[in-house]
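Here the structure is laid out as C-alpha cells; the discussion comes afterwards.
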Amino acid sequence: MNAPAPDLIDLELTVNGTARQVRAEARTSLCDLLRDALHLTGTHAGCEHGVCGACTVLLDGQPVRACITLAAACEGRAVTTVEGLSGPLVDRLRAAFHAEHALQCGYCTPGMLVSAVDLLERKPEAGEDEIRRDMSGNLCRCTGYVGIVRAIRSCTRG
Amino acid sequence: MKPAPFRYHRAASLEDAIATLASAGPDDDVRVIAGGQSLGPMLNLRLVRPTVLVDIHRIEALRAIEPLPDGGVRIGACVTHAQLEDLPPGGAFSAANPAVFPAGLADVLRHVAGGIAYRAIRCRGTIGGSLAHADPAADWPSALAALGATIELTGPAGRRNVAARDFCHGLFETAIEPGEVLAAILLPGSGIRRWGRGKHCRKAGEFAHALAVCIDRGGDGVEVWLGATGAAPVAIALDRAFVDGVAGSRASAALRRTRMRERIAASLPAAIAPGDAYARHLHAQVAAEAVIDAMANP
Ligand SMILES: Cc1cc2nc3c(=O)[nH]c(=O)nc-3n(C[C@H](O)[C@H](O)[C@H](O)COP(=O)(O)OP(=O)(O)OC[C@H]3O[C@@H](n4cnc5c(N)ncnc54)[C@H](O)[C@@H]3O)c2cc1C
Ligand code: FES
Ligand code: FES
C-alpha cells in the first residue's frame, strides 16, 4: 500500500495565552507541534504512548497527554505548557519542588507540575494517599517520589 | 515513534462522519478517532496505519448526557471518562438540568470512570471509544453489560441497537459493522438497589488483571460480571438465598469472602485463563469482593 502524500493542516490555537498559527502534518502530535514547530521544549516526550506523563499539558484547562493528542484535534483550543503555568499556586509549587528536592534530572518535572496543579485545583485538601493515587500516571526514574509527594502536600489546604 | 502519514477529517456531524466512512476508496483504511487514548498509542507504535482518520470528538450530539422519556439515561459515545467521574454527587444530570439519574446509577458510573487510567487519560478518553476498542482489560465493557445497557449504532443503513451483553465478541472484536459509528449508550431507568465492584491491578490506574461488577436490582438471582478475562465479559449467576446466607452470616469477613470465592470458582468458565491457577484464583477472588461489596452497600 502506498502511503498517501502528507496531509498539511493549517491550525489556529492559543498557546500560553498567545494566538498561534501553524501548518503541520495531520499525523503531528500536540507534543511534537509544541516542541518542534513552536520551540516550547519544556513539554518532554518520554514514552510517547500515554504511560509516563512527561508530556502532560493543559488543554482548555484540563490535563491531557500531548503525545497521544493530535495537534489537528486542538484547532481553536487553548494549550498551557509548563512554560505558561503561572499564579500564586504555581509559585508555591515551584518553591516546594525546590525545597523538597522533588527533582533530580528534571525529565519528569514539567508533567509533574502540570498534573500537580490540576490535582491541587480539583482536590485542594488531598491527603498523601490521594496524592499518590492521583499522581500515579506520572513516572519519575530518579527521586523515589517521596520529595514530589511532600512538595505537593505542602501546597494543600489542610 | 511517529505515526505513518494519514489524512485527517474533523466530522461536523454524525451524518458527516458516516458519509466520510462510506466514501473511502478501495485502497483506503478509514478509521474513526474519538479521544485517541487507545488509537494514539497504536498509531505511534505503528500497530495500525490507517490512511484516513475521521475525528468525531467535536460532534456536540455525541457529547451529551441526557434523561430519556422512559426514565433511562442516554450517554453520547464521545462523553469522556472525566465527564462521568465528575457527575454531581446528588444524582442530578448537571447544575443546569435538575432531572436526576435512576437511583444508584450515577454512583456506579462515577466509580467506574474514576478508576480508569489517570486524569489526563480520562479527560480525553471516551466511553464509546472504550467500548468500540473492546480491550478485554478495559473497565466499561463488563460494567455496561452488568448495568443492562444498550448500545446504539448508526451506519449507512440507519440505526440499530445491540445489548451491551452481546456487544463484545472477543479480543478487540465487537458487533460494530464496517461503516458504522457507535453513537450512544442507553441505560435502563430501573433503580439499582445495591452494587459492588472489584478491580485488581498492580499499579493504580493500570489496566486490570481481574475486574468484576455486581449490580443488584432485587430480583431472584444475583449476577456478577467479570471483565479482564482475555475475551468478552462473562456473567456468573448466583442464587439469592446463597448470597444472602453468606452476606448475612456471622462468620468473619475473610471466611465469608472465601465461601463466596469458592462458589464463584466452581462456576468460572474453563475458557478463562486455562491452566493458570493464580489467574483463576484472582478472577474468583475479585468477583467475590464485588458481590460482598454489593451486599455491604445499604
Ligand atoms: C496509559 C493508559 C492507561 C489506560 N488504562 C485504562 C484502564 O485502566 N481501563 C480502561 O478501561 N481503559 C484504559 N485506557 C484506555 C482508555 O480508556 C481509552 O480512553 C479508551 O480505551 C478508548 O477511548 P478513546 O475515546 O480514546 O478511543 P480512540 O482511541 O479514539 O479509539 C479506539 C478505537 O475505537 C474506535 N472508535 C472510537 N470511538 C468510536 C465510535 N464512537 N464508533 C466506532 N468506533 C469508534 C476507533 O476507531 C479505534 O479503533 C488506558 C489508556 C492509556 C493510554
Ligand atoms: S510521553 Fe506522553 S505519556 Fe509518556
Ligand atoms: S527527576 Fe529524573 S525522572 Fe524525575
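Simple scheme: letters A, B, ... for chains in C-alpha cells order, numbers from 1 for residues in each chain, numbers from 1 for ligands in the order shown.
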Q | chain B residues near chain A (7 Å cut-off, only C-alpha atoms) as a ChimeraX atom specification | A | /B:1,3,5-8,36-37,40-41,44,51,118,120-121,123-124,204-205
Store the residues of this selection in a file with N, CA, C and O atoms, as a PDB file, in the first residue's frame.
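Writing the result to part-v7.pdb gives the following:
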```pdb
ATOM      1  N   MET B   1       8.795   6.588  16.779  1.00  0.00           N
ATOM      2  CA  MET B   1       7.529   6.737  17.498  1.00  0.00           C
ATOM      3  C   MET B   1       6.609   7.762  16.834  1.00  0.00           C
ATOM      4  O   MET B   1       5.963   8.548  17.514  1.00  0.00           O
ATOM      5  N   PRO B   3       3.444   8.283  13.914  1.00  0.00           N
ATOM      6  CA  PRO B   3       2.503   7.537  13.080  1.00  0.00           C
ATOM      7  C   PRO B   3       2.902   7.626  11.613  1.00  0.00           C
ATOM      8  O   PRO B   3       3.563   8.585  11.202  1.00  0.00           O
ATOM      9  N   PRO B   5       1.918   8.482   7.773  1.00  0.00           N
ATOM     10  CA  PRO B   5       1.046   9.587   7.356  1.00  0.00           C
ATOM     11  C   PRO B   5      -0.401   9.152   7.126  1.00  0.00           C
ATOM     12  O   PRO B   5      -0.649   8.018   6.713  1.00  0.00           O
ATOM     13  N   PHE B   6      -1.306  10.071   7.408  1.00  0.00           N
ATOM     14  CA  PHE B   6      -2.726   9.823   7.107  1.00  0.00           C
ATOM     15  C   PHE B   6      -3.380  11.155   6.806  1.00  0.00           C
ATOM     16  O   PHE B   6      -2.821  12.209   7.084  1.00  0.00           O
ATOM     17  N   ARG B   7      -4.581  11.093   6.211  1.00  0.00           N
ATOM     18  CA  ARG B   7      -5.384  12.296   6.030  1.00  0.00           C
ATOM     19  C   ARG B   7      -6.329  12.406   7.219  1.00  0.00           C
ATOM     20  O   ARG B   7      -6.698  11.397   7.820  1.00  0.00           O
ATOM     21  N   TYR B   8      -6.701  13.639   7.536  1.00  0.00           N
ATOM     22  CA  TYR B   8      -7.494  13.879   8.736  1.00  0.00           C
ATOM     23  C   TYR B   8      -8.751  14.637   8.380  1.00  0.00           C
ATOM     24  O   TYR B   8      -8.681  15.642   7.675  1.00  0.00           O
ATOM     25  N   GLY B  36      -8.663   9.200  21.137  1.00  0.00           N
ATOM     26  CA  GLY B  36      -7.317   8.821  20.705  1.00  0.00           C
ATOM     27  C   GLY B  36      -6.477   8.182  21.807  1.00  0.00           C
ATOM     28  O   GLY B  36      -5.276   7.985  21.637  1.00  0.00           O
ATOM     29  N   GLN B  37      -7.099   7.815  22.923  1.00  0.00           N
ATOM     30  CA  GLN B  37      -6.309   7.309  24.047  1.00  0.00           C
ATOM     31  C   GLN B  37      -5.973   5.821  23.920  1.00  0.00           C
ATOM     32  O   GLN B  37      -5.137   5.301  24.659  1.00  0.00           O
ATOM     33  N   GLY B  40      -4.200   6.438  19.694  1.00  0.00           N
ATOM     34  CA  GLY B  40      -2.966   7.235  19.676  1.00  0.00           C
ATOM     35  C   GLY B  40      -1.728   6.381  19.917  1.00  0.00           C
ATOM     36  O   GLY B  40      -0.783   6.413  19.106  1.00  0.00           O
ATOM     37  N   PRO B  41      -1.693   5.599  20.995  1.00  0.00           N
ATOM     38  CA  PRO B  41      -0.543   4.721  21.206  1.00  0.00           C
ATOM     39  C   PRO B  41      -0.342   3.740  20.046  1.00  0.00           C
ATOM     40  O   PRO B  41       0.791   3.491  19.624  1.00  0.00           O
ATOM     41  N   ASN B  44       1.214   5.664  17.157  1.00  0.00           N
ATOM     42  CA  ASN B  44       2.620   5.991  17.426  1.00  0.00           C
ATOM     43  C   ASN B  44       3.515   4.766  17.290  1.00  0.00           C
ATOM     44  O   ASN B  44       4.646   4.863  16.815  1.00  0.00           O
ATOM     45  N   THR B  51      -5.166   5.181   6.532  1.00  0.00           N
ATOM     46  CA  THR B  51      -4.852   6.230   5.556  1.00  0.00           C
ATOM     47  C   THR B  51      -5.717   7.465   5.797  1.00  0.00           C
ATOM     48  O   THR B  51      -5.357   8.556   5.381  1.00  0.00           O
ATOM     49  N   TYR B 118      -5.528   7.458  34.317  1.00  0.00           N
ATOM     50  CA  TYR B 118      -5.140   8.661  35.053  1.00  0.00           C
ATOM     51  C   TYR B 118      -5.975   9.825  34.550  1.00  0.00           C
ATOM     52  O   TYR B 118      -6.530   9.771  33.456  1.00  0.00           O
ATOM     53  N   ALA B 120      -5.392  12.609  33.162  1.00  0.00           N
ATOM     54  CA  ALA B 120      -5.081  13.141  31.831  1.00  0.00           C
ATOM     55  C   ALA B 120      -5.625  12.226  30.725  1.00  0.00           C
ATOM     56  O   ALA B 120      -5.989  12.695  29.645  1.00  0.00           O
ATOM     57  N   ILE B 121      -5.690  10.931  30.977  1.00  0.00           N
ATOM     58  CA  ILE B 121      -6.269   9.993  30.009  1.00  0.00           C
ATOM     59  C   ILE B 121      -7.792  10.125  30.051  1.00  0.00           C
ATOM     60  O   ILE B 121      -8.459  10.136  29.019  1.00  0.00           O
ATOM     61  N   CYS B 123      -9.560  12.666  30.749  1.00  0.00           N
ATOM     62  CA  CYS B 123     -10.045  13.924  30.176  1.00  0.00           C
ATOM     63  C   CYS B 123     -10.224  13.834  28.668  1.00  0.00           C
ATOM     64  O   CYS B 123     -10.890  14.671  28.073  1.00  0.00           O
ATOM     65  N   ARG B 124      -9.618  12.855  28.011  1.00  0.00           N
ATOM     66  CA  ARG B 124      -9.808  12.702  26.557  1.00  0.00           C
ATOM     67  C   ARG B 124     -10.491  11.394  26.164  1.00  0.00           C
ATOM     68  O   ARG B 124     -11.250  11.356  25.212  1.00  0.00           O
ATOM     69  N   ALA B 204      -1.808   1.641  40.593  1.00  0.00           N
ATOM     70  CA  ALA B 204      -3.032   2.438  40.469  1.00  0.00           C
ATOM     71  C   ALA B 204      -3.140   2.979  39.049  1.00  0.00           C
ATOM     72  O   ALA B 204      -2.176   3.518  38.513  1.00  0.00           O
ATOM     73  N   GLY B 205      -4.315   2.823  38.431  1.00  0.00           N
ATOM     74  CA  GLY B 205      -4.549   3.394  37.110  1.00  0.00           C
ATOM     75  C   GLY B 205      -4.194   2.479  35.960  1.00  0.00           C
ATOM     76  O   GLY B 205      -4.465   2.787  34.807  1.00  0.00           O
TER      77      GLY B 205
END
```
Q. Which polymer residues have any atom within 9 Å of an atom of Phe93 of chain B, counting only C-alpha atoms, with same-chain residues fewer than 5 positions away left out, as a ChimeraX atom specification?
A. /B:65-67,87-88,98-101,106
Just C-alpha atoms for this one: save the residues we selected as an mmCIF file, in the first residue's frame.
```cif
data_model
loop_
_atom_site.group_PDB
_atom_site.id
_atom_site.type_symbol
_atom_site.label_atom_id
_atom_site.label_comp_id
_atom_site.auth_asym_id
_atom_site.auth_seq_id
_atom_site.Cartn_x
_atom_site.Cartn_y
_atom_site.Cartn_z
ATOM 1 C CA ILE B 65 -25.674 13.022 28.881
ATOM 2 C CA GLU B 66 -29.474 13.180 28.766
ATOM 3 C CA PRO B 67 -32.527 11.748 30.564
ATOM 4 C CA LEU B 87 -21.175 13.718 37.751
ATOM 5 C CA PRO B 88 -22.708 15.731 40.608
ATOM 6 C CA PRO B 98 -32.404 19.258 37.681
ATOM 7 C CA ALA B 99 -33.569 15.837 36.363
ATOM 8 C CA VAL B 100 -31.985 13.027 38.378
ATOM 9 C CA PHE B 101 -30.418 9.694 37.440
ATOM 10 C CA ALA B 106 -24.632 7.913 38.832
#
```
Q: as a ChimeraX atom specification, please: all residues of chain A that backbone DSSP puts in strand (DSSP E).
A: /A:8-15,18-25,56-59,62-65,78-80
Q) So which residues are near ligand 3, meaning at most 7 Å away with only C-alpha atoms and all ligand atoms counted, given back as a count of residues only? A) 12
Q: Enumerate as a PyMOL selection string the residues within 6 Å of ligand 1, counting only C-alpha atoms and all ligand atoms.
A: (chain A and resi 50-51) or (chain B and resi 31-40+77+116-117+125-126+128-130+132-133+138-140+181-183+205-207)
Selection to disk with N, CA and C atoms, as a PDB file, in the first residue's frame:
```
ATOM      1  N   GLY A  50       1.493   7.387  26.167  1.00  0.00           N
ATOM      2  CA  GLY A  50       0.474   7.698  27.177  1.00  0.00           C
ATOM      3  C   GLY A  50       0.771   7.227  28.578  1.00  0.00           C
ATOM      4  N   VAL A  51       1.881   6.534  28.799  1.00  0.00           N
ATOM      5  CA  VAL A  51       2.093   5.874  30.086  1.00  0.00           C
ATOM      6  C   VAL A  51       2.859   6.726  31.099  1.00  0.00           C
TER       7      VAL A  51
ATOM      8  N   ARG B  31     -10.521   5.081   9.603  1.00  0.00           N
ATOM      9  CA  ARG B  31     -10.843   4.787  10.995  1.00  0.00           C
ATOM     10  C   ARG B  31     -11.435   5.993  11.671  1.00  0.00           C
ATOM     11  N   VAL B  32     -12.309   5.708  12.600  1.00  0.00           N
ATOM     12  CA  VAL B  32     -12.822   6.748  13.480  1.00  0.00           C
ATOM     13  C   VAL B  32     -11.775   7.003  14.553  1.00  0.00           C
ATOM     14  N   ILE B  33     -11.597   8.261  14.942  1.00  0.00           N
ATOM     15  CA  ILE B  33     -10.826   8.553  16.155  1.00  0.00           C
ATOM     16  C   ILE B  33     -11.713   9.388  17.075  1.00  0.00           C
ATOM     17  N   ALA B  34     -11.767   8.997  18.341  1.00  0.00           N
ATOM     18  CA  ALA B  34     -12.550   9.763  19.321  1.00  0.00           C
ATOM     19  C   ALA B  34     -11.540  10.464  20.232  1.00  0.00           C
ATOM     20  N   GLY B  35     -11.275   9.915  21.419  1.00  0.00           N
ATOM     21  CA  GLY B  35     -10.293  10.538  22.306  1.00  0.00           C
ATOM     22  C   GLY B  35      -8.851  10.240  21.918  1.00  0.00           C
ATOM     23  N   GLY B  36      -8.663   9.200  21.137  1.00  0.00           N
ATOM     24  CA  GLY B  36      -7.317   8.821  20.705  1.00  0.00           C
ATOM     25  C   GLY B  36      -6.477   8.182  21.807  1.00  0.00           C
ATOM     26  N   GLN B  37      -7.099   7.815  22.923  1.00  0.00           N
ATOM     27  CA  GLN B  37      -6.309   7.309  24.047  1.00  0.00           C
ATOM     28  C   GLN B  37      -5.973   5.821  23.920  1.00  0.00           C
ATOM     29  N   SER B  38      -6.607   5.142  22.978  1.00  0.00           N
ATOM     30  CA  SER B  38      -6.164   3.791  22.615  1.00  0.00           C
ATOM     31  C   SER B  38      -5.560   3.803  21.220  1.00  0.00           C
ATOM     32  N   LEU B  39      -6.206   4.575  20.316  1.00  0.00           N
ATOM     33  CA  LEU B  39      -5.703   4.632  18.943  1.00  0.00           C
ATOM     34  C   LEU B  39      -4.371   5.387  18.882  1.00  0.00           C
ATOM     35  N   GLY B  40      -4.200   6.438  19.694  1.00  0.00           N
ATOM     36  CA  GLY B  40      -2.966   7.235  19.676  1.00  0.00           C
ATOM     37  C   GLY B  40      -1.728   6.381  19.917  1.00  0.00           C
ATOM     38  N   ALA B  77     -21.608   8.804  22.741  1.00  0.00           N
ATOM     39  CA  ALA B  77     -20.393   7.996  22.627  1.00  0.00           C
ATOM     40  C   ALA B  77     -19.141   8.785  23.002  1.00  0.00           C
ATOM     41  N   ILE B 116     -10.491   4.463  35.903  1.00  0.00           N
ATOM     42  CA  ILE B 116      -9.814   4.210  34.628  1.00  0.00           C
ATOM     43  C   ILE B 116      -8.547   5.065  34.528  1.00  0.00           C
ATOM     44  N   ALA B 117      -7.444   4.444  34.313  1.00  0.00           N
ATOM     45  CA  ALA B 117      -6.183   5.134  33.989  1.00  0.00           C
ATOM     46  C   ALA B 117      -5.931   6.341  34.897  1.00  0.00           C
ATOM     47  N   GLY B 125     -10.192  10.324  26.877  1.00  0.00           N
ATOM     48  CA  GLY B 125     -10.737   9.015  26.511  1.00  0.00           C
ATOM     49  C   GLY B 125     -12.250   9.006  26.675  1.00  0.00           C
ATOM     50  N   THR B 126     -12.949   8.329  25.753  1.00  0.00           N
ATOM     51  CA  THR B 126     -14.410   8.342  25.762  1.00  0.00           C
ATOM     52  C   THR B 126     -14.990   6.966  26.066  1.00  0.00           C
ATOM     53  N   GLY B 128     -17.540   5.631  24.519  1.00  0.00           N
ATOM     54  CA  GLY B 128     -17.799   4.948  23.245  1.00  0.00           C
ATOM     55  C   GLY B 128     -16.531   4.362  22.658  1.00  0.00           C
ATOM     56  N   GLY B 129     -15.432   5.099  22.764  1.00  0.00           N
ATOM     57  CA  GLY B 129     -14.159   4.619  22.240  1.00  0.00           C
ATOM     58  C   GLY B 129     -13.687   3.389  22.987  1.00  0.00           C
ATOM     59  N   SER B 130     -13.916   3.385  24.287  1.00  0.00           N
ATOM     60  CA  SER B 130     -13.514   2.251  25.112  1.00  0.00           C
ATOM     61  C   SER B 130     -14.277   0.995  24.692  1.00  0.00           C
ATOM     62  N   ALA B 132     -15.860   0.506  21.733  1.00  0.00           N
ATOM     63  CA  ALA B 132     -15.555   0.158  20.337  1.00  0.00           C
ATOM     64  C   ALA B 132     -14.197  -0.530  20.242  1.00  0.00           C
ATOM     65  N   HIS B 133     -13.268  -0.102  21.084  1.00  0.00           N
ATOM     66  CA  HIS B 133     -11.928  -0.683  21.082  1.00  0.00           C
ATOM     67  C   HIS B 133     -11.970  -2.116  21.628  1.00  0.00           C
ATOM     68  N   ALA B 138     -10.374  -3.560  29.611  1.00  0.00           N
ATOM     69  CA  ALA B 138     -10.964  -2.242  29.854  1.00  0.00           C
ATOM     70  C   ALA B 138     -12.117  -2.328  30.853  1.00  0.00           C
ATOM     71  N   ASP B 139     -12.421  -1.198  31.472  1.00  0.00           N
ATOM     72  CA  ASP B 139     -13.401  -1.168  32.552  1.00  0.00           C
ATOM     73  C   ASP B 139     -14.856  -1.131  32.093  1.00  0.00           C
ATOM     74  N   TRP B 140     -15.147  -0.428  30.973  1.00  0.00           N
ATOM     75  CA  TRP B 140     -16.561  -0.242  30.604  1.00  0.00           C
ATOM     76  C   TRP B 140     -17.267  -1.495  30.098  1.00  0.00           C
ATOM     77  N   VAL B 181     -20.915   3.776  13.211  1.00  0.00           N
ATOM     78  CA  VAL B 181     -20.359   4.545  14.324  1.00  0.00           C
ATOM     79  C   VAL B 181     -21.183   4.228  15.560  1.00  0.00           C
ATOM     80  N   LEU B 182     -20.501   4.012  16.659  1.00  0.00           N
ATOM     81  CA  LEU B 182     -21.191   3.841  17.937  1.00  0.00           C
ATOM     82  C   LEU B 182     -21.653   5.232  18.365  1.00  0.00           C
ATOM     83  N   ALA B 183     -22.980   5.427  18.476  1.00  0.00           N
ATOM     84  CA  ALA B 183     -23.500   6.779  18.716  1.00  0.00           C
ATOM     85  C   ALA B 183     -23.789   7.034  20.188  1.00  0.00           C
ATOM     86  N   GLY B 205      -4.315   2.823  38.431  1.00  0.00           N
ATOM     87  CA  GLY B 205      -4.549   3.394  37.110  1.00  0.00           C
ATOM     88  C   GLY B 205      -4.194   2.479  35.960  1.00  0.00           C
ATOM     89  N   GLU B 206      -3.618   1.340  36.292  1.00  0.00           N
ATOM     90  CA  GLU B 206      -3.221   0.408  35.233  1.00  0.00           C
ATOM     91  C   GLU B 206      -4.443  -0.381  34.751  1.00  0.00           C
ATOM     92  N   PHE B 207      -4.330  -0.983  33.559  1.00  0.00           N
ATOM     93  CA  PHE B 207      -5.366  -1.911  33.122  1.00  0.00           C
ATOM     94  C   PHE B 207      -5.470  -3.049  34.142  1.00  0.00           C
TER      95      PHE B 207
END
```
(Q) So that I can see what lies close to Arg94 of chain A, please list as a PyMOL selection string the residues with an atom at most 12 Å from it, counting only C-alpha atoms and leaving out residues fewer than 2 positions away in the same chain. (A) chain A and resi 82+85-92+96-103+109-110+112-114+116-117+148+151-152+154-155
(Q) Neighbouring residues of Leu211 of chain B were defined as those with any atom within 9 Å, considering only C-alpha atoms; residues of the same chain fewer than 6 positions away were excluded. Please report them as a PyMOL selection string. (A) chain B and resi 137-139+142+197-201+225-229+283+286-287+290
Please produce a file of those selected residues containing C-alpha atoms, as a PDB file, in the first residue's frame.
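Dumped everything to selection34.pdb:
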```
ATOM      1  CA  ALA B 137      -8.982  -5.499  30.201  1.00  0.00           C
ATOM      2  CA  ALA B 138     -10.964  -2.242  29.854  1.00  0.00           C
ATOM      3  CA  ASP B 139     -13.401  -1.168  32.552  1.00  0.00           C
ATOM      4  CA  SER B 142     -18.174  -5.553  31.840  1.00  0.00           C
ATOM      5  CA  ARG B 197     -17.057  -3.653  42.310  1.00  0.00           C
ATOM      6  CA  GLY B 198     -13.634  -5.264  42.369  1.00  0.00           C
ATOM      7  CA  LYS B 199     -10.586  -4.295  40.305  1.00  0.00           C
ATOM      8  CA  HIS B 200      -7.133  -5.733  40.724  1.00  0.00           C
ATOM      9  CA  CYS B 201      -4.112  -4.102  39.150  1.00  0.00           C
ATOM     10  CA  TRP B 225     -19.972  -9.767  35.605  1.00  0.00           C
ATOM     11  CA  LEU B 226     -16.289 -10.494  35.150  1.00  0.00           C
ATOM     12  CA  GLY B 227     -14.004  -8.434  32.926  1.00  0.00           C
ATOM     13  CA  ALA B 228     -10.316  -8.708  32.017  1.00  0.00           C
ATOM     14  CA  THR B 229     -10.838 -12.376  31.166  1.00  0.00           C
ATOM     15  CA  HIS B 283     -10.755 -13.704  38.978  1.00  0.00           C
ATOM     16  CA  VAL B 286     -12.164 -10.179  42.745  1.00  0.00           C
ATOM     17  CA  ALA B 287     -15.675 -11.348  41.751  1.00  0.00           C
ATOM     18  CA  ALA B 290     -17.645  -7.324  44.140  1.00  0.00           C
TER      19      ALA B 290
END
```
Q: Would you return as an NGL selection string the members of segment 121-271 of chain B that DSSP assigns to alpha helix (DSSP H) on this structure's backbone?
A: :B and (121-122 or 127-133 or 140-146 or 164-167 or 240-248 or 253-267)
**Q.** Who sits within 8 Å of segment 243-256 of chain B, only C-alpha atoms, same chain under 6 positions skipped, as a PyMOL selection string
**A.** chain B and resi 222+292+295-296
Take the residues from that selection and write them out as an mmCIF file, in the first residue's frame, keeping C-alpha atoms.
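Contents of the output file out11.cif:
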```
data_model
loop_
_atom_site.group_PDB
_atom_site.id
_atom_site.type_symbol
_atom_site.label_atom_id
_atom_site.label_comp_id
_atom_site.auth_asym_id
_atom_site.auth_seq_id
_atom_site.Cartn_x
_atom_site.Cartn_y
_atom_site.Cartn_z
ATOM 1 C CA VAL B 222 -27.667 -12.042 41.716
ATOM 2 C CA ILE B 292 -19.636 -8.949 49.128
ATOM 3 C CA MET B 295 -24.244 -6.780 49.811
ATOM 4 C CA ALA B 296 -22.499 -4.445 52.256
#
```
Q. Suppose you want the space between atom CA of Phe172 of chain B and atom CA of Ala265 of chain B; what is it in Å?
A.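 Taking atom CA of Phe172 of chain B as the start and atom CA of Ala265 of chain B as the end point, the length is 25.8 Å.
Here atom CA of Ala143 of chain B is placed at a distance of 21.3 Å from atom CA of Asp70 of chain B.
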Q. Atom CA of Asp27 of chain B and atom CA of Val54 of chain B, how far apart in Å?
A.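 Rounded to one decimal, the two atoms are 16.0 Å apart.
Summary of the local environment: counting only C-alpha atoms, residues at most 9 Å from Gln83 of chain B, other than itself and those fewer than 2 positions away along its chain, are B:Val79, B:Thr80, B:His81, B:Glu85, B:Asp86, B:Leu87, B:Arg110, B:Ala113, B:Arg122, B:Cys123.
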Got time to write the residues from that selection, all heavy atoms, as a JSON list (two decimals), in the first residue's frame?
```json
[["chain", "number", "residue", "atom", "x", "y", "z"],
["B", 79, "VAL", "N", -18.78, 11.15, 25.24],
["B", 79, "VAL", "CA", -18.68, 11.61, 26.63],
["B", 79, "VAL", "C", -17.39, 11.02, 27.22],
["B", 79, "VAL", "O", -17.12, 9.83, 27.06],
["B", 79, "VAL", "CB", -19.92, 11.16, 27.43],
["B", 79, "VAL", "CG1", -19.71, 11.30, 28.93],
["B", 79, "VAL", "CG2", -21.15, 11.94, 26.98],
["B", 80, "THR", "N", -16.60, 11.88, 27.85],
["B", 80, "THR", "CA", -15.31, 11.39, 28.37],
["B", 80, "THR", "C", -15.48, 10.70, 29.72],
["B", 80, "THR", "O", -16.45, 10.93, 30.44],
["B", 80, "THR", "CB", -14.30, 12.54, 28.54],
["B", 80, "THR", "OG1", -14.83, 13.46, 29.48],
["B", 80, "THR", "CG2", -14.02, 13.25, 27.23],
["B", 81, "HIS", "N", -14.48, 9.89, 30.06],
["B", 81, "HIS", "CA", -14.47, 9.26, 31.38],
["B", 81, "HIS", "C", -14.52, 10.36, 32.45],
["B", 81, "HIS", "O", -15.19, 10.21, 33.47],
["B", 81, "HIS", "CB", -13.20, 8.43, 31.59],
["B", 81, "HIS", "CG", -12.88, 7.47, 30.48],
["B", 81, "HIS", "ND1", -13.83, 6.68, 29.89],
["B", 81, "HIS", "CD2", -11.71, 7.18, 29.86],
["B", 81, "HIS", "CE1", -13.25, 5.93, 28.94],
["B", 81, "HIS", "NE2", -11.96, 6.22, 28.91],
["B", 85, "GLU", "N", -16.85, 10.84, 35.69],
["B", 85, "GLU", "CA", -16.22, 10.91, 37.01],
["B", 85, "GLU", "C", -16.72, 12.15, 37.77],
["B", 85, "GLU", "O", -16.85, 12.13, 38.99],
["B", 85, "GLU", "CB", -14.70, 11.01, 36.84],
["B", 85, "GLU", "CG", -13.91, 11.15, 38.12],
["B", 85, "GLU", "CD", -12.42, 11.38, 37.87],
["B", 85, "GLU", "OE1", -12.03, 11.72, 36.73],
["B", 85, "GLU", "OE2", -11.65, 11.22, 38.83],
["B", 86, "ASP", "N", -17.03, 13.21, 37.03],
["B", 86, "ASP", "CA", -17.41, 14.48, 37.65],
["B", 86, "ASP", "C", -18.92, 14.65, 37.79],
["B", 86, "ASP", "O", -19.38, 15.75, 38.11],
["B", 86, "ASP", "CB", -16.86, 15.65, 36.81],
["B", 86, "ASP", "CG", -15.34, 15.71, 36.84],
["B", 86, "ASP", "OD1", -14.73, 15.05, 37.70],
["B", 86, "ASP", "OD2", -14.75, 16.41, 35.98],
["B", 87, "LEU", "N", -19.72, 13.59, 37.58],
["B", 87, "LEU", "CA", -21.18, 13.72, 37.75],
["B", 87, "LEU", "C", -21.47, 14.23, 39.16],
["B", 87, "LEU", "O", -20.85, 13.78, 40.12],
["B", 87, "LEU", "CB", -21.86, 12.35, 37.56],
["B", 87, "LEU", "CG", -22.02, 11.85, 36.13],
["B", 87, "LEU", "CD1", -22.56, 10.42, 36.14],
["B", 87, "LEU", "CD2", -22.92, 12.76, 35.31],
["B", 110, "ARG", "N", -19.77, 7.01, 38.17],
["B", 110, "ARG", "CA", -18.69, 7.84, 38.72],
["B", 110, "ARG", "C", -17.53, 6.95, 39.19],
["B", 110, "ARG", "O", -16.36, 7.21, 38.93],
["B", 110, "ARG", "CB", -19.24, 8.66, 39.89],
["B", 110, "ARG", "CG", -18.43, 9.89, 40.21],
["B", 110, "ARG", "CD", -18.97, 10.65, 41.42],
["B", 110, "ARG", "NE", -20.35, 11.08, 41.30],
["B", 110, "ARG", "CZ", -21.36, 10.60, 42.04],
["B", 110, "ARG", "NH1", -21.16, 9.68, 42.95],
["B", 110, "ARG", "NH2", -22.57, 11.05, 41.86],
["B", 113, "ALA", "N", -15.75, 5.17, 36.09],
["B", 113, "ALA", "CA", -14.98, 6.15, 35.30],
["B", 113, "ALA", "C", -13.73, 6.59, 36.06],
["B", 113, "ALA", "O", -12.64, 6.65, 35.50],
["B", 113, "ALA", "CB", -15.86, 7.35, 34.97],
["B", 122, "ARG", "N", -8.33, 10.25, 31.27],
["B", 122, "ARG", "CA", -9.79, 10.33, 31.43],
["B", 122, "ARG", "C", -10.36, 11.61, 30.81],
["B", 122, "ARG", "O", -11.53, 11.66, 30.45],
["B", 122, "ARG", "CB", -10.17, 10.27, 32.92],
["B", 122, "ARG", "CG", -9.74, 8.98, 33.61],
["B", 122, "ARG", "CD", -10.49, 8.75, 34.90],
["B", 122, "ARG", "NE", -10.10, 9.64, 35.98],
["B", 122, "ARG", "CZ", -9.09, 9.45, 36.81],
["B", 122, "ARG", "NH1", -8.34, 8.37, 36.67],
["B", 122, "ARG", "NH2", -8.83, 10.30, 37.78],
["B", 123, "CYS", "N", -9.56, 12.67, 30.75],
["B", 123, "CYS", "CA", -10.04, 13.92, 30.18],
["B", 123, "CYS", "C", -10.22, 13.83, 28.67],
["B", 123, "CYS", "O", -10.89, 14.67, 28.07],
["B", 123, "CYS", "CB", -9.10, 15.08, 30.52],
["B", 123, "CYS", "SG", -9.29, 15.61, 32.23]]
```
Q: Measuring atom to atom with only C-alpha atoms, identify which of B:Ile151, B:Ala95, B:Leu45, B:Ala134 is nearest to Ile75 of chain B.
A: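 Between B:Ile151, B:Ala95, B:Leu45, B:Ala134, the residue approaching Ile75 of chain B most closely is B:Ile151.
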